[in-house]
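File shown: final.csv. Contents: CSV, C-alpha atoms (C1' of nucleotides).
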chain,number,residue,atom,x,y,z
A,72,MET,CA,105.4,90.8,112.9
A,73,ARG,CA,106.5,93.2,110.2
A,74,GLU,CA,104.1,96.0,111.2
A,75,PHE,CA,106.4,97.6,108.9
A,76,GLN,CA,103.8,96.9,106.4
A,77,ARG,CA,101.5,99.7,107.4
A,78,GLY,CA,103.8,102.4,106.4
A,79,ALA,CA,104.9,100.6,103.4
A,80,VAL,CA,101.4,100.3,102.1
A,81,ARG,CA,100.9,104.0,102.4
A,82,VAL,CA,104.1,104.8,100.5
A,83,HIS,CA,103.3,102.2,97.8
A,84,ILE,CA,99.9,103.7,97.3
A,85,LEU,CA,101.2,107.3,97.0
A,86,HIS,CA,104.0,106.1,94.8
A,87,HIS,CA,101.8,104.5,92.3
A,88,ALA,CA,99.1,107.0,92.5
A,89,ALA,CA,101.6,109.7,91.6
A,90,GLU,CA,102.5,107.9,88.4
A,91,HIS,CA,99.1,106.8,87.1
A,92,GLU,CA,95.6,106.2,88.1
A,93,ILE,CA,95.0,103.3,90.4
A,94,HIS,CA,92.0,101.5,91.8
A,95,GLY,CA,91.5,99.4,94.9
A,96,ALA,CA,91.6,95.9,93.4
A,97,TRP,CA,94.6,96.7,91.3
A,98,MET,CA,96.5,98.1,94.3
A,99,ALA,CA,95.6,95.0,96.3
A,100,LYS,CA,97.2,92.8,93.6
A,101,GLU,CA,100.2,95.0,93.3
A,102,LEU,CA,100.8,94.9,97.0
A,103,GLU,CA,100.3,91.2,97.2
A,104,SER,CA,102.9,90.7,94.5
A,105,HIS,CA,105.4,92.5,96.8
A,106,GLY,CA,104.5,90.1,99.6
A,107,TYR,CA,102.2,92.5,101.4
A,108,LYS,CA,99.0,91.0,102.6
A,109,ILE,CA,96.4,93.6,103.0
A,110,SER,CA,92.7,92.9,103.5
A,111,PRO,CA,89.9,95.0,101.9
A,112,GLY,CA,88.8,96.0,105.3
A,113,THR,CA,92.2,97.9,105.6
A,114,LEU,CA,92.8,98.9,102.1
A,115,TYR,CA,89.6,100.7,101.3
A,116,PRO,CA,89.4,102.7,104.6
A,117,THR,CA,93.1,103.6,104.0
A,118,LEU,CA,92.3,104.9,100.5
A,119,HIS,CA,89.4,106.9,102.0
A,120,ARG,CA,91.6,108.3,104.6
A,121,LEU,CA,94.2,109.4,102.2
A,122,GLU,CA,91.5,111.1,100.2
A,123,ALA,CA,90.0,112.7,103.3
A,124,ASP,CA,93.5,113.9,104.1
A,125,GLY,CA,93.7,115.5,100.7
A,126,LEU,CA,96.5,113.3,99.4
A,127,LEU,CA,94.4,111.5,96.8
A,128,ILE,CA,91.5,112.4,94.7
A,129,SER,CA,89.1,109.9,93.3
A,130,GLU,CA,86.5,109.7,90.7
A,131,PRO,CA,84.3,106.9,89.5
A,132,ARG,CA,85.2,105.6,86.1
A,133,VAL,CA,83.5,103.1,83.9
A,134,VAL,CA,85.8,100.5,82.5
A,135,TYR,CA,84.4,97.8,80.3
A,136,GLY,CA,81.0,98.4,81.9
A,137,ARG,CA,82.5,98.0,85.4
A,138,VAL,CA,82.5,101.0,87.7
A,139,ARG,CA,85.8,101.6,89.4
A,140,ARG,CA,86.9,104.3,91.7
A,141,VAL,CA,90.1,105.5,90.4
A,142,TYR,CA,92.6,107.4,92.5
A,143,ARG,CA,95.2,109.9,91.6
A,144,ALA,CA,97.7,111.7,93.8
A,145,THR,CA,97.2,115.4,94.5
A,146,ASP,CA,99.9,117.9,94.9
A,147,ALA,CA,99.8,117.4,98.6
A,148,GLY,CA,100.0,113.7,98.0
A,149,ARG,CA,103.2,114.1,96.1
A,150,ALA,CA,104.6,116.3,98.8
A,151,ALA,CA,103.7,113.7,101.4
A,152,LEU,CA,105.3,111.1,99.2
A,153,ALA,CA,108.5,113.1,99.0
A,154,GLU,CA,108.5,113.3,102.8
A,155,ASP,CA,108.0,109.6,103.2
A,156,ARG,CA,110.7,108.9,100.7
A,157,LYS,CA,113.1,111.1,102.7
A,158,ALA,CA,112.1,109.3,105.9
A,159,LEU,CA,112.6,106.0,104.2
A,160,LEU,CA,116.0,106.9,102.9
A,161,GLU,CA,117.1,108.0,106.3
A,162,LEU,CA,115.8,104.8,107.9
A,163,ALA,CA,117.5,102.7,105.2
A,164,GLN,CA,120.8,104.5,105.8
A,165,GLU,CA,120.6,104.2,109.5
A,166,VAL,CA,119.6,100.5,109.5
A,167,LEU,CA,121.3,99.2,106.4
A,168,GLY,CA,124.2,101.5,106.2
A,169,HIS,CA,126.3,99.7,108.8
A,170,GLY,CA,126.6,96.6,106.8
A,171,ASP,CA,127.0,94.9,110.1
A,172,ASP,CA,124.1,92.6,110.7
A,173,ARG,CA,125.2,90.4,113.5
B,179,MET,CA,100.6,110.9,108.9
B,180,ARG,CA,103.9,109.0,108.5
B,181,GLU,CA,102.6,105.9,110.2
B,182,PHE,CA,105.8,104.8,108.7
B,183,GLN,CA,107.1,105.4,112.1
B,184,ARG,CA,105.7,102.3,113.8
B,185,GLY,CA,107.6,99.9,111.7
B,186,ALA,CA,110.7,102.1,111.9
B,187,VAL,CA,110.6,102.1,115.6
B,188,ARG,CA,110.6,98.3,115.7
B,189,VAL,CA,113.5,98.1,113.3
B,190,HIS,CA,115.5,100.7,115.2
B,191,ILE,CA,114.9,98.8,118.5
B,192,LEU,CA,116.0,95.5,117.0
B,193,HIS,CA,118.9,97.2,115.3
B,194,HIS,CA,120.3,98.7,118.4
B,195,ALA,CA,119.5,95.8,120.7
B,196,ALA,CA,121.5,93.6,118.3
B,197,GLU,CA,124.6,95.7,118.9
B,198,HIS,CA,124.5,96.5,122.6
B,199,GLU,CA,122.2,96.5,125.5
B,200,ILE,CA,119.5,99.2,125.5
B,201,HIS,CA,117.0,100.4,127.9
B,202,GLY,CA,113.8,102.3,127.4
B,203,ALA,CA,114.8,105.8,128.2
B,204,TRP,CA,117.9,105.6,126.1
B,205,MET,CA,115.9,104.2,123.2
B,206,ALA,CA,113.4,107.0,123.5
B,207,LYS,CA,116.2,109.5,123.3
B,208,GLU,CA,117.8,107.8,120.3
B,209,LEU,CA,114.5,107.6,118.4
B,210,GLU,CA,113.8,111.3,119.2
B,211,SER,CA,117.2,112.3,117.8
B,212,HIS,CA,116.1,110.7,114.5
B,213,GLY,CA,113.0,112.7,114.5
B,214,TYR,CA,110.7,109.9,115.8
B,215,LYS,CA,108.3,111.0,118.5
B,216,ILE,CA,107.3,108.0,120.5
B,217,SER,CA,105.5,108.2,123.8
B,218,PRO,CA,106.3,106.0,126.8
B,219,GLY,CA,102.8,104.5,126.4
B,220,THR,CA,103.9,103.1,123.1
B,221,LEU,CA,107.5,102.4,123.7
B,222,TYR,CA,107.2,100.3,126.8
B,223,PRO,CA,104.4,98.1,125.6
B,224,THR,CA,106.3,97.7,122.4
B,225,LEU,CA,109.4,96.5,124.3
B,226,HIS,CA,107.2,94.1,126.3
B,227,ARG,CA,105.7,92.7,123.1
B,228,LEU,CA,109.0,92.2,121.5
B,229,GLU,CA,110.1,90.3,124.5
B,230,ALA,CA,106.9,88.3,124.6
B,231,ASP,CA,107.5,87.5,121.0
B,232,GLY,CA,110.9,86.2,122.0
B,233,LEU,CA,112.8,88.8,120.0
B,234,LEU,CA,114.3,90.5,123.0
B,235,ILE,CA,115.3,89.4,126.4
B,236,SER,CA,115.5,91.7,129.4
B,237,GLU,CA,117.0,91.7,132.8
B,238,PRO,CA,117.0,94.3,135.5
B,239,ARG,CA,120.3,96.0,136.0
B,240,VAL,CA,121.5,98.4,138.6
B,241,VAL,CA,123.4,101.3,137.2
B,242,TYR,CA,124.5,104.0,139.6
B,243,GLY,CA,121.9,102.9,142.0
B,244,ARG,CA,119.2,103.2,139.4
B,245,VAL,CA,117.4,100.0,138.3
B,246,ARG,CA,117.1,99.8,134.6
B,247,ARG,CA,115.6,97.1,132.5
B,248,VAL,CA,118.1,96.4,129.8
B,249,TYR,CA,117.2,94.6,126.6
B,250,ARG,CA,119.3,92.5,124.3
B,251,ALA,CA,118.3,90.9,121.0
B,252,THR,CA,117.8,87.2,121.0
B,253,ASP,CA,118.7,85.0,118.0
B,254,ALA,CA,115.2,85.2,116.9
B,255,GLY,CA,115.4,88.9,117.2
B,256,ARG,CA,118.4,89.0,114.9
B,257,ALA,CA,116.6,86.9,112.4
B,258,ALA,CA,113.6,89.2,112.6
B,259,LEU,CA,115.9,92.1,112.1
B,260,ALA,CA,117.4,90.5,109.0
B,261,GLU,CA,114.0,90.0,107.6
B,262,ASP,CA,112.9,93.5,108.3
B,263,ARG,CA,116.1,94.8,106.7
B,264,LYS,CA,115.3,92.8,103.6
B,265,ALA,CA,111.8,94.2,103.5
B,266,LEU,CA,113.2,97.6,104.0
B,267,LEU,CA,115.7,97.2,101.2
B,268,GLU,CA,113.0,96.0,98.9
B,269,LEU,CA,110.7,98.8,99.7
B,270,ALA,CA,113.5,101.4,99.3
B,271,GLN,CA,114.4,100.0,95.9
B,272,GLU,CA,110.8,100.0,94.8
B,273,VAL,CA,110.0,103.4,96.0
B,274,LEU,CA,113.3,105.3,95.7
B,275,GLY,CA,114.6,103.5,92.6
B,276,HIS,CA,112.8,105.7,90.2
B,277,GLY,CA,114.8,108.7,91.0
B,278,ASP,CA,111.8,110.9,90.6
B,279,ASP,CA,111.0,112.6,93.9
B,280,ARG,CA,109.6,115.8,92.5
C,288,DG,C1',63.3,92.6,80.6
C,289,DC,C1',64.1,89.8,84.7
C,290,DT,C1',67.5,86.9,87.3
C,291,DG,C1',71.7,85.3,88.7
C,292,DC,C1',76.5,86.2,88.5
C,293,DC,C1',80.8,88.9,88.6
C,294,DG,C1',84.3,92.5,89.5
C,295,DA,C1',84.8,95.9,92.6
C,296,DT,C1',83.9,98.7,96.5
C,297,DA,C1',81.9,99.6,101.0
C,298,DT,C1',80.8,98.5,105.7
C,299,DC,C1',80.5,95.9,110.2
C,300,DG,C1',81.9,94.2,114.9
C,301,DA,C1',85.6,92.5,117.3
C,302,DC,C1',90.1,93.0,118.6
C,303,DA,C1',94.8,95.1,118.8
C,304,DT,C1',97.6,99.1,119.1
C,305,DC,C1',98.7,103.8,120.0
C,306,DC,C1',98.9,107.7,122.8
C,307,DG,C1',99.4,111.2,126.5
C,308,DA,C1',99.0,111.5,131.1
C,309,DT,C1',99.8,109.8,135.3
C,310,DA,C1',101.3,106.7,139.0
C,311,DC,C1',104.8,104.1,141.0
C,312,DT,C1',109.5,102.7,142.7
C,313,DA,C1',114.0,103.3,144.2
C,314,DT,C1',117.8,106.2,144.8
C,315,DC,C1',120.2,110.6,145.5
C,316,DC,C1',120.9,115.0,147.7
C,317,DG,C1',120.4,118.8,150.9
D,151,DC,C1',113.8,112.9,156.6
D,152,DG,C1',111.6,114.9,152.5
D,153,DG,C1',111.7,116.4,147.9
D,154,DA,C1',113.7,115.8,143.4
D,155,DT,C1',115.0,112.7,139.8
D,156,DA,C1',115.5,108.7,136.6
D,157,DG,C1',113.3,105.1,134.8
D,158,DT,C1',109.5,102.0,134.2
D,159,DA,C1',104.7,100.6,134.2
D,160,DT,C1',99.7,101.2,133.6
D,161,DC,C1',95.1,103.3,132.5
D,162,DG,C1',91.3,104.9,129.4
D,163,DG,C1',90.0,106.7,125.2
D,164,DA,C1',90.6,106.9,120.4
D,165,DT,C1',92.0,105.0,116.2
D,166,DG,C1',93.4,101.4,112.9
D,167,DT,C1',93.2,96.7,111.4
D,168,DC,C1',91.1,92.6,110.1
D,169,DG,C1',88.1,89.0,107.8
D,170,DA,C1',83.7,88.4,106.6
D,171,DT,C1',79.9,90.0,104.6
D,172,DA,C1',76.8,93.2,102.1
D,173,DT,C1',76.1,96.2,98.3
D,174,DC,C1',76.3,98.0,93.6
D,175,DG,C1',76.0,98.3,88.7
D,176,DG,C1',76.4,96.1,84.5
D,177,DC,C1',76.3,91.7,81.5
D,178,DA,C1',74.8,87.1,79.8
D,179,DG,C1',71.4,83.7,79.4
D,180,DC,C1',67.0,82.8,79.0

Mind turning the file's structure into structure tokens?
Amino acid sequence: MREFQRGAVRVHILHHAAEHEIHGAWMAKELESHGYKISPGTLYPTLHRLEADGLLISEPRVVYGRVRRVYRATDAGRAALAEDRKALLELAQEVLGHGDDR
Amino acid sequence: MREFQRGAVRVHILHHAAEHEIHGAWMAKELESHGYKISPGTLYPTLHRLEADGLLISEPRVVYGRVRRVYRATDAGRAALAEDRKALLELAQEVLGHGDDR
DNA sequence: GCTGCCGATATCGACATCCGATACTATCCG
DNA sequence: CGGATAGTATCGGATGTCGATATCGGCAGC
């Protein structure tokens, strides 16, 4: 149900990472507040993959003594985000545009 | 890349199945025309799953001598579609709302 | 300092899903 | 009758997802 979520998570991550630094736990909270349940076993590998794909870069940062791995979108990440946005817009127009839902 | 697609395919299927009968090959063409590449190995199991989940019903139909399995959305399917639309709208507002797309 | 705890990140095994290729079925056409 | 065609189903490998659990580094209390 709502496998929708998978793509949405990716877009959300890129979206936020393009605006400011993010870290895993914060992202999990953010996603949850939007109704997306994502387990750590999915979130972290996803971040790693995005980084491996060159869409994010990470660096350990110490915040109040805690070490966090903070992520930021790369140029490629922003490009991918733009593409995803385009696809999302298209999908929205196609599916929502009709206004006929029955 | 663009795993976005998985959810989109589901929504597309429900969307069309809610309006008229569809069958696998037609759906494949329709999706392709929107830029989604989906292989039969994904499409047919997906249709089967949607049916198993009670969102679609199918029945074999003979068209010009060819047997097709035609699908139609059930009530639950329409409900699921409505939910997916809501999620899609939310996602679109969240991600597209900023107006910054580089 | 050592120990136990805490936020945060990483990893593990099991399971589901995706995919391309291929097989299968029934009909049409020459 | 035999090959071509449309459409659907299935197979095996690869990848992704999940929840649970392990790890890590610093801090507080002792």

Distance-based interface of chain A with chain B, 8 Å, counting only C-alpha atoms, as a ChimeraX atom specification: /A:73-79,82-83,86,149,152-153,155-156,159-160,162-163,166-167,172-173

Residue neighbourhood DT290 (chain C), 12 Å, all atoms listed in the file, exclusion window fewer than 3 positions, as an NGL selection string: :D and (177-180)

Tell me which protein, DNA and RNA residues are within 8 Å of DG157 (chain D), counting only C-alpha atoms (C1' of nucleotides), leaving out same-chain ones fewer than 6 positions away, and put them as a short mmCIF file (atom, residue, chain, number, x, y, z; two decimals) with C-alpha atoms, in the coordinates of the input.
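The resulting file, around18.cif, is reproduced below:
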data_model
loop_
_atom_site.label_atom_id
_atom_site.label_comp_id
_atom_site.auth_asym_id
_atom_site.auth_seq_id
_atom_site.Cartn_x
_atom_site.Cartn_y
_atom_site.Cartn_z
CA GLY B 202 113.80 102.30 127.40
CA ALA B 203 114.80 105.80 128.20
CA ARG B 244 119.20 103.20 139.40
CA VAL B 245 117.40 100.00 138.30
CA ARG B 246 117.10 99.80 134.60
#

Set out as CSV a contact list for chain B and chain C with a cut-off of 7 Å, giving each residue of chain B that qualifies its closest atom pair and distance in Å to one decimal, counting only C-alpha atoms (C1' of nucleotides), ordered by chain and rising residue number.
residue,atom,partner,partner_atom,distance
B:Ser217,CA,C:DC306,C1',6.7
B:Gly219,CA,C:DC306,C1',6.2
B:Thr220,CA,C:DC305,C1',6.1
B:Gly243,CA,C:DT314,C1',6.0
B:Arg244,CA,C:DT314,C1',6.3

Neighbours of chain A in chain D at 9 Å, counting all atoms listed in the file, as a PyMOL selection string: chain D and resi 166-169+175-177

C1' of DT171 (chain D) to CA of His94 (chain A), distance in Å rounded to a single decimal: 21.0 Å

Separation of C1' of DG162 (chain D) from CA of Arg247 (chain B) in Å: 25.7 Å

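Relative to CA of Gly125 (chain A), CA of Ala147 (chain A) is found at 6.7 Å.
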
All residues 10 Å or closer to Glu229 (chain B), all atoms listed in the file, same chain fewer than 3 positions away omitted, as a list in words: Pro223, Thr224, Leu225, His226, Gly232, Leu233, Leu234, Ile235, Ser236, Tyr249, Arg250, Ala251, Thr252 and Gly255 of chain B
